[in-house]
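A short write-up of the structure that comes next.
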Amino acid sequence: MSAILFLEQSLNGVQFGLMLFLLAAGLTLVFGIMDMINLAHGSLYMIGAYFMASFVQATGSFWLGLPLALGATALVGAALEISLLRRLYGRDHLTQVLATFAIILIANEAVRIAWGSQPIMLNPPAALTGPVTLPGGLQYASYRLLIIGVGAAVALALYVLVTRTRVGMLVRAGASNREMAVAMGVDIRRLFTVVFALGAALCALAGAMLGPILAVQVGMGENILILAFVVIVIGGIGSIRGAFVGSLLVGIVDTSGRAFLPLAFGAFLPPQFASAAGPAIASVLIYVLMAGVLYFRPQGLFPARG
């Protein structure tokens, strides 16, 4: 195994992990503050990717399309929270799961009606289509480096927002003791709407940034939603720090497993079996990681509220 291959797959893992963080951060805030299991979170990721593709096509610019997609998806998220999800806050988790699963089906059909069933191609900015040379001679895609930079910047901004601002103070108050926050005069309904819209915008950012790498297609949010739930279980519900660490762990384990396990199995298995067994076992490793963390830390790595 060469050092260049190891470095490349490590960067791929960090890149994937940071995009998972954008989904998991909004999901853990909604779950931690609202006590709301929202299976439709992945649908907002899908809608954000479709908005991005449409706005880029309309404006001819990736950089003009990005803020438009984020704003449009945040509005969709706020409208969804006000019109439907607000009625589910006092219900049990089973009701929330069933209702938000219905939203997944509705969202998939709405996207299919609006954009069709065929995947949509979303191209990265023209200036970022080529590779750059990193120390050690590694040729790495410049767009993937942009994703790493954006993910790291958003993670830092969220940390500052939650820990150093008045809005963050209200978010932490609502997460730790909702009744006391209401008694102190916090408009909890407006706070929930703002948090949900922020989570929707983070989903849109993930969808917009991953769109040029993955196909923009109907149902694209379901698989990544499962990984986002794994992340918040590993990191600790309601914890931004836990979501960040959990995302990196899952991203690196998943990417490294898919890259290196087929090579390891190829040493003693026929190539066709090694290529099939490697990705399958790599997918299992994520859940082994989750089980190991929960065995030693049942509430996750950082159970304190974010």
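A note on labels: chains of the structure tokens are A, B, ... as shown, every chain counts residues from 1, and ligands are counted from 1 in their shown order.
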
Return as a count of residues only the full set of residues in stretch 53-220 of chain A whose backbone-based DSSP assignment is strand (DSSP E).
-> 6

All residues 7 Å or closer to stretch 283-286 of chain A, only C-alpha atoms, same chain fewer than 5 positions away omitted, as a list of chain:residue names =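 Near neighbours after the sequence-gap exclusion: A:Val250, A:Val253, A:Asp254.
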
Which stretch 166-281 of chain A residues have any atom within 12 Å of an atom of stretch 82-102 of chain A, and for each, what is the nearest pair of atoms with distance in Å to one decimal, counting only C-alpha atoms, rows sorted by chain and number, as JSON lines?
{"residue": "A:Ile188", "atom": "CA", "partner": "A:Arg86", "partner_atom": "CA", "distance": 11.2}
{"residue": "A:Arg189", "atom": "CA", "partner": "A:Arg86", "partner_atom": "CA", "distance": 8.3}
{"residue": "A:Arg190", "atom": "CA", "partner": "A:Ile82", "partner_atom": "CA", "distance": 9.4}
{"residue": "A:Leu191", "atom": "CA", "partner": "A:Ile82", "partner_atom": "CA", "distance": 11.6}
{"residue": "A:Phe192", "atom": "CA", "partner": "A:Arg86", "partner_atom": "CA", "distance": 8.7}
{"residue": "A:Thr193", "atom": "CA", "partner": "A:Ile82", "partner_atom": "CA", "distance": 7.0}
{"residue": "A:Val194", "atom": "CA", "partner": "A:Ile82", "partner_atom": "CA", "distance": 10.5}
{"residue": "A:Val195", "atom": "CA", "partner": "A:Ile82", "partner_atom": "CA", "distance": 12.0}
{"residue": "A:Phe196", "atom": "CA", "partner": "A:Ile82", "partner_atom": "CA", "distance": 9.7}
{"residue": "A:Ala197", "atom": "CA", "partner": "A:Ile82", "partner_atom": "CA", "distance": 10.4}
{"residue": "A:Glu222", "atom": "CA", "partner": "A:Phe101", "partner_atom": "CA", "distance": 10.3}
{"residue": "A:Leu225", "atom": "CA", "partner": "A:Phe101", "partner_atom": "CA", "distance": 11.9}

Please save N, CA and C atoms of the selected residues as a short mmCIF file (atom, residue, chain, number, x, y, z; two decimals), in the first residue's frame.
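Wrote result_18.cif, looks like this:
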data_model
loop_
_atom_site.label_atom_id
_atom_site.label_comp_id
_atom_site.auth_asym_id
_atom_site.auth_seq_id
_atom_site.Cartn_x
_atom_site.Cartn_y
_atom_site.Cartn_z
N ILE A 188 -40.29 29.86 21.63
CA ILE A 188 -39.79 28.54 21.26
C ILE A 188 -40.28 28.13 19.88
N ARG A 189 -41.46 28.60 19.48
CA ARG A 189 -41.96 28.25 18.15
C ARG A 189 -41.10 28.87 17.07
N ARG A 190 -40.75 30.14 17.25
CA ARG A 190 -39.88 30.79 16.28
C ARG A 190 -38.49 30.17 16.28
N LEU A 191 -38.00 29.82 17.47
CA LEU A 191 -36.69 29.18 17.57
C LEU A 191 -36.67 27.86 16.80
N PHE A 192 -37.73 27.06 16.95
CA PHE A 192 -37.80 25.79 16.23
C PHE A 192 -37.79 26.00 14.73
N THR A 193 -38.53 27.01 14.26
CA THR A 193 -38.57 27.27 12.83
C THR A 193 -37.20 27.69 12.30
N VAL A 194 -36.51 28.54 13.05
CA VAL A 194 -35.17 28.99 12.64
C VAL A 194 -34.20 27.82 12.61
N VAL A 195 -34.24 26.98 13.64
CA VAL A 195 -33.34 25.82 13.69
C VAL A 195 -33.63 24.87 12.54
N PHE A 196 -34.89 24.65 12.25
CA PHE A 196 -35.23 23.73 11.16
C PHE A 196 -34.81 24.30 9.81
N ALA A 197 -35.00 25.61 9.62
CA ALA A 197 -34.57 26.25 8.37
C ALA A 197 -33.05 26.18 8.22
N GLU A 222 -32.09 8.99 0.92
CA GLU A 222 -32.39 7.93 1.87
C GLU A 222 -31.14 7.25 2.42
N LEU A 225 -29.13 9.46 4.65
CA LEU A 225 -29.82 9.73 5.91
C LEU A 225 -29.49 8.67 6.95
#

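Put simply, atom CA of A:Phe51 is 15.2 Å away from atom CA of A:Gln118.
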
Mind running stretch 6-55 of chain A against stretch 151-158 of chain A at 8 Å and telling me each contacting residue's nearest atom pair with the distance in Å (one decimal), counting only C-alpha atoms, chain and number ascending, as JSON lines?
{"residue": "A:Gln15", "atom": "CA", "partner": "A:Gly151", "partner_atom": "CA", "distance": 7.7}
{"residue": "A:Leu18", "atom": "CA", "partner": "A:Gly151", "partner_atom": "CA", "distance": 5.1}
{"residue": "A:Met19", "atom": "CA", "partner": "A:Gly151", "partner_atom": "CA", "distance": 6.3}
{"residue": "A:Phe21", "atom": "CA", "partner": "A:Gly151", "partner_atom": "CA", "distance": 7.8}
{"residue": "A:Leu22", "atom": "CA", "partner": "A:Gly151", "partner_atom": "CA", "distance": 7.3}

Quick one: of A:Leu161, A:Ala259, A:Leu249, A:Ala267, who's nearest to A:Gly235, counting only C-alpha atoms?
-> A:Leu249

Pick out each residue of stretch 61-202 of chain A that DSSP on the backbone tags as helix (DSSP H, G or I); I need them as an MDAnalysis selection string.
-> chainID A and resid 62:83 85:88 93:115 126:128 142:164 166:176 178:183 188:202

So, counting only C-alpha atoms, which residue among A:Leu80, A:Ala280, A:Val14, A:Met46 is closest to A:Pro119?
->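 The answer is A:Met46, which sits nearest to A:Pro119.
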
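Compared by their closest atoms to A:Ile232, and using only C-alpha atoms, the residues A:Thr73, A:Ser275, A:Asn123, A:Gln299 rank with A:Gln299 nearest.
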
Excluding same-chain residues fewer than 2 positions from stretch 200-206 of chain A, what lies within 9 Å of it counting only C-alpha atoms, as number ranges by chain?
-> A: 18-26, 41-49, 51-52, 66-67, 69-78, 151, 154, 195-198, 208-211

If we count only C-alpha atoms, what is near stretch 135-144 of chain A at a cut-off of 10 Å, once residues fewer than 4 positions away on the same chain are taken out, given as a PDB file with C-alpha atoms, in the first residue's frame?
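The file below, around_39.pdb, is the result:
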ATOM      1  CA  ALA A   3       1.706   6.399   0.994  1.00  0.00           C
ATOM      2  CA  ILE A   4       0.079   8.372  -1.838  1.00  0.00           C
ATOM      3  CA  LEU A   5      -2.894   5.992  -1.956  1.00  0.00           C
ATOM      4  CA  LEU A   7      -3.188  10.005   1.732  1.00  0.00           C
ATOM      5  CA  GLU A   8      -5.673  10.150  -1.127  1.00  0.00           C
ATOM      6  CA  LEU A  11      -8.613  13.006   2.133  1.00  0.00           C
ATOM      7  CA  ASN A  12     -11.603  11.321   0.494  1.00  0.00           C
ATOM      8  CA  VAL A  14     -12.406  13.606   5.430  1.00  0.00           C
ATOM      9  CA  GLN A  15     -14.293  15.094   2.477  1.00  0.00           C
ATOM     10  CA  PHE A  16     -17.142  12.592   2.799  1.00  0.00           C
ATOM     11  CA  PRO A 124     -18.413  21.784 -10.717  1.00  0.00           C
ATOM     12  CA  PRO A 125     -17.051  25.287 -11.399  1.00  0.00           C
ATOM     13  CA  ALA A 126     -14.904  25.344 -14.528  1.00  0.00           C
ATOM     14  CA  ALA A 127     -11.888  26.574 -12.562  1.00  0.00           C
ATOM     15  CA  LEU A 128     -12.055  23.544 -10.258  1.00  0.00           C
ATOM     16  CA  THR A 129     -12.323  20.716 -12.767  1.00  0.00           C
ATOM     17  CA  GLY A 130      -8.638  19.794 -12.741  1.00  0.00           C
ATOM     18  CA  PRO A 131      -6.317  18.329 -10.108  1.00  0.00           C
ATOM     19  CA  ILE A 148     -13.102  19.935   2.518  1.00  0.00           C
ATOM     20  CA  GLY A 149     -12.555  23.674   2.944  1.00  0.00           C
ATOM     21  CA  VAL A 150     -16.280  24.479   2.880  1.00  0.00           C
ATOM     22  CA  MET A 209     -21.522  20.315  -2.998  1.00  0.00           C
ATOM     23  CA  LEU A 210     -21.914  16.565  -3.546  1.00  0.00           C
ATOM     24  CA  PRO A 212     -21.102  17.202  -9.065  1.00  0.00           C
ATOM     25  CA  ILE A 213     -19.607  14.020  -7.531  1.00  0.00           C
TER      26      ILE A 213
END

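What separates atom CA of A:Gly65 from atom CA of A:Ala53 is a distance of 7.8 Å.
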
Distance in Å - atom CA of A:Thr255 versus atom CA of A:Ser10 |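 So the two atoms, atom CA of A:Thr255 and atom CA of A:Ser10, lie 7.8 Å apart.
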
All residues 9 Å or closer to stretch 291-298 of chain A, only C-alpha atoms, same chain fewer than 3 positions away omitted, as a list in words =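 Once the adjacent positions are removed, what remains is Val233, Ile234, Gly235, Gly236, Ile286, Tyr287, Val288, Leu301, Phe302 and Pro303 of chain A.
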
Residue selection dump (N, CA and C atoms) as an mmCIF file, in the first residue's frame:
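As a result, selection19.cif now contains:
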data_model
loop_
_atom_site.group_PDB
_atom_site.id
_atom_site.type_symbol
_atom_site.label_atom_id
_atom_site.label_comp_id
_atom_site.auth_asym_id
_atom_site.auth_seq_id
_atom_site.Cartn_x
_atom_site.Cartn_y
_atom_site.Cartn_z
ATOM 1 N N VAL A 233 -25.786 9.046 16.520
ATOM 2 C CA VAL A 233 -25.751 8.045 17.589
ATOM 3 C C VAL A 233 -24.338 7.896 18.128
ATOM 4 N N ILE A 234 -23.350 7.868 17.233
ATOM 5 C CA ILE A 234 -21.954 7.753 17.660
ATOM 6 C C ILE A 234 -21.512 9.003 18.419
ATOM 7 N N GLY A 235 -21.866 10.178 17.897
ATOM 8 C CA GLY A 235 -21.384 11.417 18.498
ATOM 9 C C GLY A 235 -22.128 11.818 19.757
ATOM 10 N N GLY A 236 -23.407 11.473 19.847
ATOM 11 C CA GLY A 236 -24.218 11.901 20.982
ATOM 12 C C GLY A 236 -25.307 12.844 20.508
ATOM 13 N N ILE A 286 -19.053 0.239 9.539
ATOM 14 C CA ILE A 286 -19.650 1.441 10.128
ATOM 15 C C ILE A 286 -20.524 1.068 11.324
ATOM 16 N N TYR A 287 -21.302 0.008 11.159
ATOM 17 C CA TYR A 287 -22.201 -0.406 12.226
ATOM 18 C C TYR A 287 -21.445 -1.120 13.342
ATOM 19 N N VAL A 288 -20.345 -1.768 12.993
ATOM 20 C CA VAL A 288 -19.463 -2.326 14.026
ATOM 21 C C VAL A 288 -18.880 -1.191 14.863
ATOM 22 N N LEU A 301 -20.210 9.544 22.094
ATOM 23 C CA LEU A 301 -18.893 10.047 22.508
ATOM 24 C C LEU A 301 -18.996 11.342 23.293
ATOM 25 N N PHE A 302 -19.899 12.229 22.901
ATOM 26 C CA PHE A 302 -20.036 13.531 23.562
ATOM 27 C C PHE A 302 -21.524 13.765 23.873
ATOM 28 N N PRO A 303 -22.016 13.136 24.929
ATOM 29 C CA PRO A 303 -23.451 13.194 25.202
ATOM 30 C C PRO A 303 -23.949 14.545 25.657
#

Exercise: A:Gly174 partners within 12 Å, only C-alpha atoms, chain neighbours under 4 positions left out, as a ChimeraX atom specification | /A:29-35,162,167-170,178-192,195,238,305-306

Would you kindly return, as a PDB file with N, CA and C atoms, in the first residue's frame, each protein, DNA or RNA residue with an atom no farther than 9 Å from any atom of A:Phe260, considering only C-alpha atoms and excluding same-chain residues fewer than 3 positions away?
ATOM      1  N   MET A   1       0.850  -1.193   0.000  1.00  0.00           N
ATOM      2  CA  MET A   1       0.000   0.000   0.000  1.00  0.00           C
ATOM      3  C   MET A   1       0.889   1.248   0.000  1.00  0.00           C
ATOM      4  N   PHE A   6      -2.749   5.993   0.460  1.00  0.00           N
ATOM      5  CA  PHE A   6      -3.272   6.193   1.817  1.00  0.00           C
ATOM      6  C   PHE A   6      -3.683   7.642   2.033  1.00  0.00           C
ATOM      7  N   GLN A   9      -6.961   8.429   0.002  1.00  0.00           N
ATOM      8  CA  GLN A   9      -8.179   7.883   0.609  1.00  0.00           C
ATOM      9  C   GLN A   9      -8.494   8.553   1.944  1.00  0.00           C
ATOM     10  N   THR A 255     -14.812   5.164   3.702  1.00  0.00           N
ATOM     11  CA  THR A 255     -13.986   5.346   2.514  1.00  0.00           C
ATOM     12  C   THR A 255     -12.755   4.438   2.537  1.00  0.00           C
ATOM     13  N   SER A 256     -12.096   4.369   3.672  1.00  0.00           N
ATOM     14  CA  SER A 256     -10.903   3.532   3.767  1.00  0.00           C
ATOM     15  C   SER A 256     -11.252   2.055   3.601  1.00  0.00           C
ATOM     16  N   GLY A 257     -12.376   1.641   4.184  1.00  0.00           N
ATOM     17  CA  GLY A 257     -12.784   0.248   4.045  1.00  0.00           C
ATOM     18  C   GLY A 257     -13.056  -0.129   2.602  1.00  0.00           C
ATOM     19  N   LEU A 263      -8.238  -4.694  -1.575  1.00  0.00           N
ATOM     20  CA  LEU A 263      -6.817  -4.972  -1.764  1.00  0.00           C
ATOM     21  C   LEU A 263      -6.341  -6.038  -0.787  1.00  0.00           C
ATOM     22  N   ALA A 264      -6.816  -5.942   0.459  1.00  0.00           N
ATOM     23  CA  ALA A 264      -6.403  -6.932   1.458  1.00  0.00           C
ATOM     24  C   ALA A 264      -6.953  -8.315   1.125  1.00  0.00           C
ATOM     25  N   PHE A 265      -8.227  -8.374   0.722  1.00  0.00           N
ATOM     26  CA  PHE A 265      -8.818  -9.668   0.368  1.00  0.00           C
ATOM     27  C   PHE A 265      -8.202 -10.245  -0.898  1.00  0.00           C
ATOM     28  N   GLY A 278     -15.151  -6.870  -0.377  1.00  0.00           N
ATOM     29  CA  GLY A 278     -14.569  -5.675   0.232  1.00  0.00           C
ATOM     30  C   GLY A 278     -15.587  -4.595   0.538  1.00  0.00           C
TER      31      GLY A 278
END

Option closest in space to A:Ile240, from A:Ala173, A:Ala40, A:Leu68, A:Thr28 [counting only C-alpha atoms] =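 Residue with the minimum atom-to-atom distance to A:Ile240: A:Thr28.
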